[in-house]
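Dropping query-v4.cif in here (mmCIF, C-alpha atoms and all ligand atoms):
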```cif
data_model
loop_
_atom_site.label_atom_id
_atom_site.label_comp_id
_atom_site.auth_asym_id
_atom_site.auth_seq_id
_atom_site.Cartn_x
_atom_site.Cartn_y
_atom_site.Cartn_z
CA MET A 7 68.29 -110.48 64.64
CA SER A 8 65.06 -110.95 62.72
CA ILE A 9 61.64 -110.44 64.21
CA ASP A 10 61.20 -114.22 63.78
CA SER A 11 64.03 -114.84 66.22
CA LEU A 12 62.08 -112.88 68.83
CA ARG A 13 59.22 -115.36 68.55
CA ALA A 14 59.08 -118.06 71.20
CA ASP A 15 59.35 -121.62 69.93
CA CYS A 16 58.62 -123.86 72.91
CA ALA A 17 59.21 -127.00 70.81
CA ARG A 18 62.92 -126.09 70.60
CA CYS A 19 63.27 -125.22 74.31
CA THR A 20 63.63 -127.41 77.37
CA GLY A 21 60.97 -125.56 79.33
CA LEU A 22 63.38 -122.99 80.74
CA CYS A 23 60.72 -120.44 81.71
CA CYS A 24 58.72 -123.16 83.47
CA VAL A 25 61.67 -123.87 85.77
CA ALA A 26 63.87 -120.78 85.95
CA LEU A 27 61.18 -118.26 86.85
CA ALA A 28 59.42 -117.79 90.18
CA PHE A 29 55.78 -116.91 90.49
CA ASP A 30 53.53 -116.01 93.40
CA ALA A 31 49.99 -117.24 93.89
CA SER A 32 47.78 -114.47 92.54
CA ALA A 33 45.06 -113.79 89.99
CA SER A 34 47.57 -114.84 87.31
CA PHE A 35 49.03 -117.94 88.98
CA SER A 36 47.06 -120.42 91.02
CA PHE A 37 50.07 -121.51 93.10
CA ASP A 38 53.52 -120.39 94.26
CA LYS A 39 56.62 -121.62 92.51
CA ALA A 40 60.19 -120.83 93.46
CA ALA A 41 62.85 -119.89 90.89
CA GLY A 42 64.72 -123.01 89.79
CA GLU A 43 61.90 -125.34 90.81
CA ALA A 44 60.24 -127.24 87.97
CA CYS A 45 56.55 -126.54 87.60
CA PRO A 46 54.57 -129.67 88.53
CA HIS A 47 52.76 -129.40 85.19
CA LEU A 48 55.97 -129.70 83.18
CA THR A 49 56.06 -133.12 81.53
CA ASN A 50 59.11 -135.35 81.34
CA ASP A 51 59.66 -134.24 77.75
CA ASP A 52 59.67 -130.58 78.83
CA ALA A 53 56.24 -129.61 77.54
CA CYS A 54 53.39 -128.00 79.44
CA GLY A 55 50.93 -130.70 80.47
CA VAL A 56 48.07 -128.20 80.83
CA HIS A 57 48.83 -125.96 77.87
CA ASP A 58 45.27 -125.99 76.53
CA GLU A 59 43.68 -125.16 79.87
CA LEU A 60 46.02 -122.57 81.37
CA CYS A 61 43.39 -119.87 81.92
CA ALA A 62 40.81 -122.34 83.20
CA ARG A 63 43.37 -123.46 85.78
CA GLY A 64 44.12 -119.92 86.93
CA LEU A 65 47.44 -119.78 85.06
CA SER A 66 46.79 -116.82 82.75
CA GLY A 67 50.28 -115.54 83.67
CA CYS A 68 51.74 -118.52 81.81
CA ALA A 69 49.48 -117.86 78.82
CA SER A 70 50.60 -114.25 78.59
CA TYR A 71 54.31 -114.75 79.32
CA ASP A 72 56.58 -114.39 76.30
CA CYS A 73 60.28 -115.29 76.44
CA LEU A 74 60.74 -113.46 73.11
CA GLY A 75 62.64 -116.43 71.71
CA ALA A 76 65.22 -116.50 74.51
CA GLY A 77 64.34 -120.09 75.46
CA GLN A 78 65.15 -121.73 72.15
CA HIS A 79 68.23 -119.54 71.63
CA VAL A 80 69.76 -120.51 74.95
CA THR A 81 68.89 -124.18 74.39
CA ALA A 82 70.74 -124.04 71.05
CA MET A 83 73.61 -121.97 72.47
CA LEU A 84 74.38 -124.53 75.18
CA PRO A 85 73.87 -127.85 73.38
CA GLY A 86 74.14 -130.97 75.48
CA LEU A 87 73.27 -129.16 78.69
CA HIS A 88 69.97 -129.81 80.42
CA TRP A 89 68.71 -128.27 83.63
CA ARG A 90 67.79 -131.75 84.88
CA ASP A 91 71.44 -132.89 84.68
CA ASP A 92 73.01 -131.10 87.62
CA GLU A 93 72.90 -127.83 89.54
CA VAL A 94 75.82 -126.24 87.67
CA SER A 95 74.19 -126.86 84.28
CA ALA A 96 70.85 -125.63 85.59
CA ARG A 97 72.35 -122.43 87.00
CA LEU A 98 74.20 -121.68 83.77
CA LEU A 99 71.08 -122.28 81.66
CA PHE A 100 68.85 -120.16 83.91
CA ASP A 101 71.34 -117.28 84.17
CA THR A 102 71.90 -117.29 80.41
CA PHE A 103 68.16 -117.45 79.78
CA ARG A 104 67.57 -114.40 82.00
CA ALA A 105 70.28 -112.39 80.23
CA MET A 106 69.14 -113.48 76.73
CA ARG A 107 65.55 -112.52 77.56
CA LEU A 108 66.80 -109.08 78.57
CA VAL A 109 68.69 -108.66 75.28
CA HIS A 110 65.64 -109.77 73.27
CA GLU A 111 63.40 -107.38 75.20
CA PHE A 112 65.73 -104.50 74.34
CA VAL A 113 65.94 -105.53 70.67
CA GLU A 114 62.16 -105.66 70.49
CA LEU A 115 61.81 -102.18 72.05
CA LEU A 116 64.48 -100.67 69.81
CA SER A 117 62.97 -102.30 66.73
CA ALA A 118 59.57 -100.82 67.59
CA ALA A 119 61.25 -97.42 68.02
CA ALA A 120 61.88 -97.39 64.26
CA GLN A 121 58.23 -96.33 63.90
CA LEU A 122 58.71 -93.30 66.18
CA PRO A 123 59.67 -89.78 65.10
CA LEU A 124 63.22 -90.01 66.50
CA ASN A 125 65.54 -87.11 65.83
CA GLU A 126 68.82 -87.71 64.03
CA ASP A 127 70.89 -88.17 67.20
CA GLU A 128 68.35 -90.62 68.57
CA ARG A 129 68.34 -92.59 65.32
CA HIS A 130 72.12 -92.95 65.48
CA GLU A 131 71.99 -93.90 69.15
CA ARG A 132 69.28 -96.44 68.48
CA ASP A 133 71.34 -98.00 65.67
CA ALA A 134 74.40 -98.13 67.92
CA TRP A 135 72.44 -99.89 70.66
CA LEU A 136 71.09 -102.39 68.15
CA ARG A 137 74.63 -103.15 66.96
CA THR A 138 75.70 -103.72 70.57
CA LEU A 139 72.75 -106.01 71.18
CA GLN A 140 73.33 -108.01 68.00
CA PRO A 141 77.09 -108.65 67.89
CA GLU A 142 78.37 -110.04 64.60
CA GLU A 143 80.00 -112.95 66.38
CA GLY A 144 76.72 -113.73 68.20
CA TRP A 145 76.22 -114.13 71.91
CA ALA A 146 77.78 -116.68 74.24
CA ALA A 147 76.93 -117.38 77.87
CA GLU A 148 79.98 -115.40 79.03
CA THR A 149 79.29 -112.33 76.92
CA LEU A 150 75.63 -112.32 77.90
CA SER A 151 76.57 -112.44 81.56
CA ALA A 152 79.07 -109.61 81.06
CA PHE A 153 76.40 -107.52 79.34
CA GLU A 154 73.80 -108.19 82.03
CA HIS A 155 76.21 -107.20 84.80
CA SER A 156 77.58 -104.15 83.03
CA ALA A 157 76.20 -100.62 83.22
CA MET A 158 74.64 -101.03 79.77
CA PRO A 159 71.16 -102.28 80.75
CA LEU A 160 70.71 -99.28 83.06
CA GLN A 161 72.08 -96.91 80.45
CA LEU A 162 69.75 -98.30 77.81
CA ARG A 163 66.72 -98.08 80.10
CA ALA A 164 67.65 -94.45 80.83
CA TRP A 165 67.97 -93.76 77.09
CA LEU A 166 64.57 -95.33 76.39
CA ALA A 167 63.00 -93.29 79.20
CA ARG A 168 64.59 -90.08 77.95
CA VAL A 169 63.43 -90.61 74.37
CA GLY A 170 59.95 -91.60 75.58
CA ALA A 171 59.70 -88.44 77.70
CA ARG A 172 60.79 -86.23 74.80
CA LEU A 173 58.27 -87.80 72.45
CA ARG A 174 55.45 -87.51 75.00
CA ALA A 175 56.32 -83.85 75.52
CA LEU A 176 56.26 -83.39 71.76
CA GLN A 177 52.88 -85.08 71.47
CA PHE A 178 51.20 -83.36 74.40
CA GLY A 179 53.06 -80.05 74.22
CA LYS A 180 54.48 -80.36 77.73
S1 LIG B 201 51.64 -124.38 83.92
FE1 LIG B 201 52.61 -125.00 82.00
S2 LIG B 201 53.36 -123.07 81.06
FE2 LIG B 201 52.94 -122.65 83.23
S3 LIG B 201 54.92 -122.95 84.25
FE3 LIG B 201 53.75 -124.89 84.40
S4 LIG B 201 54.46 -126.11 82.65
FE4 LIG B 201 55.05 -123.96 82.25
#
```
Rewritten as structure tokens:
Amino acid sequence: MSIDSLRADCARCTGLCCVALAFDASASFSFDKAAGEACPHLTNDDACGVHDELCARGLSGCASYDCLGAGQHVTAMLPGLHWRDDEVSARLLFDTFRAMRLVHEFVELLSAAAQLPLNEDERHERDAWLRTLQPEEGWAAETLSAFEHSAMPLQLRAWLARVGARLRALQFGK
């Protein structure tokens, strides 16, 4: 997976983050929105109707959110499905989007770890995780769901925490 594929391309997405995700009224969002409910600013052609004035409208959370390319990948992975069509399609798209975003987040973290002074074991483990996260046959909705519900996300978070703790100890001598 190239770094380019971790870049969001809203033009090739059907506004999945603007529907699938919930947000609470706060300093970052000027109103509440439930998960699965389309944002009132989403236009009929799935674009943000207030894109150029997000911060002015108290929607800095939208400006800073990054799907890491999950939106356009899921849209391409499930061609012909649209969340507006029916509840089953919407659920499948939202669930797949959530799992794909998780995979992309891990790939981004592991790619950044290439710059860190990993020891040999950690380098091998990092490479193994990257192979798992980038299967040769690509991802499908079913395999993404299986990954998300497996023990692997927890295991990978634990690995990242362990490596981070070791490197901090190395840096600060603790
Ligand atoms: S304000 Fe725009 S970017 Fe934010 S959720 Fe609504 S449509 Fe999406």
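Using all atoms listed in the file, the smallest distance between any of A:Gly42, A:Gly55, A:Pro141, A:Gly86 and ligand LIG 201 (chain B) comes from A:Gly55.
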At most 12 Å from (65.4, -109.4, 78.6), file frame, only C-alpha atoms: which residues, as a compact mmCIF listing (two decimals) with C-alpha atoms, keeping the file's coordinate frame?
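The new file point09.txt reads:
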```txt
# COMPACT_ATOMS: atom_id res chain seq x y z
CA LEU A 12 62.08 -112.88 68.83
CA ASP A 72 56.58 -114.39 76.30
CA CYS A 73 60.28 -115.29 76.44
CA LEU A 74 60.74 -113.46 73.11
CA GLY A 75 62.64 -116.43 71.71
CA ALA A 76 65.22 -116.50 74.51
CA GLY A 77 64.34 -120.09 75.46
CA ASP A 101 71.34 -117.28 84.17
CA THR A 102 71.90 -117.29 80.41
CA PHE A 103 68.16 -117.45 79.78
CA ARG A 104 67.57 -114.40 82.00
CA ALA A 105 70.28 -112.39 80.23
CA MET A 106 69.14 -113.48 76.73
CA ARG A 107 65.55 -112.52 77.56
CA LEU A 108 66.80 -109.08 78.57
CA VAL A 109 68.69 -108.66 75.28
CA HIS A 110 65.64 -109.77 73.27
CA GLU A 111 63.40 -107.38 75.20
CA PHE A 112 65.73 -104.50 74.34
CA VAL A 113 65.94 -105.53 70.67
CA GLU A 114 62.16 -105.66 70.49
CA LEU A 115 61.81 -102.18 72.05
CA LEU A 139 72.75 -106.01 71.18
CA LEU A 150 75.63 -112.32 77.90
CA SER A 151 76.57 -112.44 81.56
CA PHE A 153 76.40 -107.52 79.34
CA GLU A 154 73.80 -108.19 82.03
CA PRO A 159 71.16 -102.28 80.75
CA LEU A 162 69.75 -98.30 77.81
CA ARG A 163 66.72 -98.08 80.10
```
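The gap separating CA of Cys45 in chain A from CA of Leu60 in chain A is 12.9 Å, in Å to one decimal.
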Around ligand LIG 201 (chain B), which protein and nucleic acid residues have at least one atom no more than 9 Å from it, if we count all atoms listed in the file? List them as a short mmCIF file (atom, residue, chain, number, x, y, z; two decimals) with C-alpha atoms, in the frame of the given file.
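Just written: result16.cif:
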```cif
data_model
loop_
_atom_site.label_atom_id
_atom_site.label_comp_id
_atom_site.auth_asym_id
_atom_site.auth_seq_id
_atom_site.Cartn_x
_atom_site.Cartn_y
_atom_site.Cartn_z
CA GLY A 21 60.97 -125.56 79.33
CA LEU A 22 63.38 -122.99 80.74
CA CYS A 23 60.72 -120.44 81.71
CA CYS A 24 58.72 -123.16 83.47
CA VAL A 25 61.67 -123.87 85.77
CA LEU A 27 61.18 -118.26 86.85
CA PHE A 29 55.78 -116.91 90.49
CA PHE A 35 49.03 -117.94 88.98
CA LYS A 39 56.62 -121.62 92.51
CA ALA A 44 60.24 -127.24 87.97
CA CYS A 45 56.55 -126.54 87.60
CA PRO A 46 54.57 -129.67 88.53
CA HIS A 47 52.76 -129.40 85.19
CA LEU A 48 55.97 -129.70 83.18
CA THR A 49 56.06 -133.12 81.53
CA ASP A 52 59.67 -130.58 78.83
CA ALA A 53 56.24 -129.61 77.54
CA CYS A 54 53.39 -128.00 79.44
CA GLY A 55 50.93 -130.70 80.47
CA VAL A 56 48.07 -128.20 80.83
CA HIS A 57 48.83 -125.96 77.87
CA GLU A 59 43.68 -125.16 79.87
CA LEU A 60 46.02 -122.57 81.37
CA ARG A 63 43.37 -123.46 85.78
CA LEU A 65 47.44 -119.78 85.06
CA SER A 66 46.79 -116.82 82.75
CA GLY A 67 50.28 -115.54 83.67
CA CYS A 68 51.74 -118.52 81.81
CA ALA A 69 49.48 -117.86 78.82
CA TYR A 71 54.31 -114.75 79.32
#
```
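For the choices A:Leu116, A:Ala26, A:Ala41, A:Leu99, the atom-to-atom distance to Glu148 in chain A is smallest for A:Leu99 when using all atoms listed in the file.
Rounded to one decimal, CA of Leu173 in chain A and CA of Leu122 in chain A lie 8.4 Å from each other.
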What is the distance between CA of Asp30 in chain A and CA of Gly64 in chain A, in Å to one decimal?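 So the two atoms, CA of Asp30 in chain A and CA of Gly64 in chain A, lie 12.1 Å apart.
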Nearby residues (all atoms listed in the file) at most 7 Å from Gln78 in chain A, same-chain spacing under 3 positions excluded, as a list in words: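 Returned residues: Asp15, Cys16, Arg18, Cys19, Gly75, Thr81 and Ala82 of chain A.
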Hey, which of A:Ala62, A:Ala17, A:Arg174, A:Ala147 ends up closest to Leu84 in chain A? Count all atoms listed in the file. A:Ala147
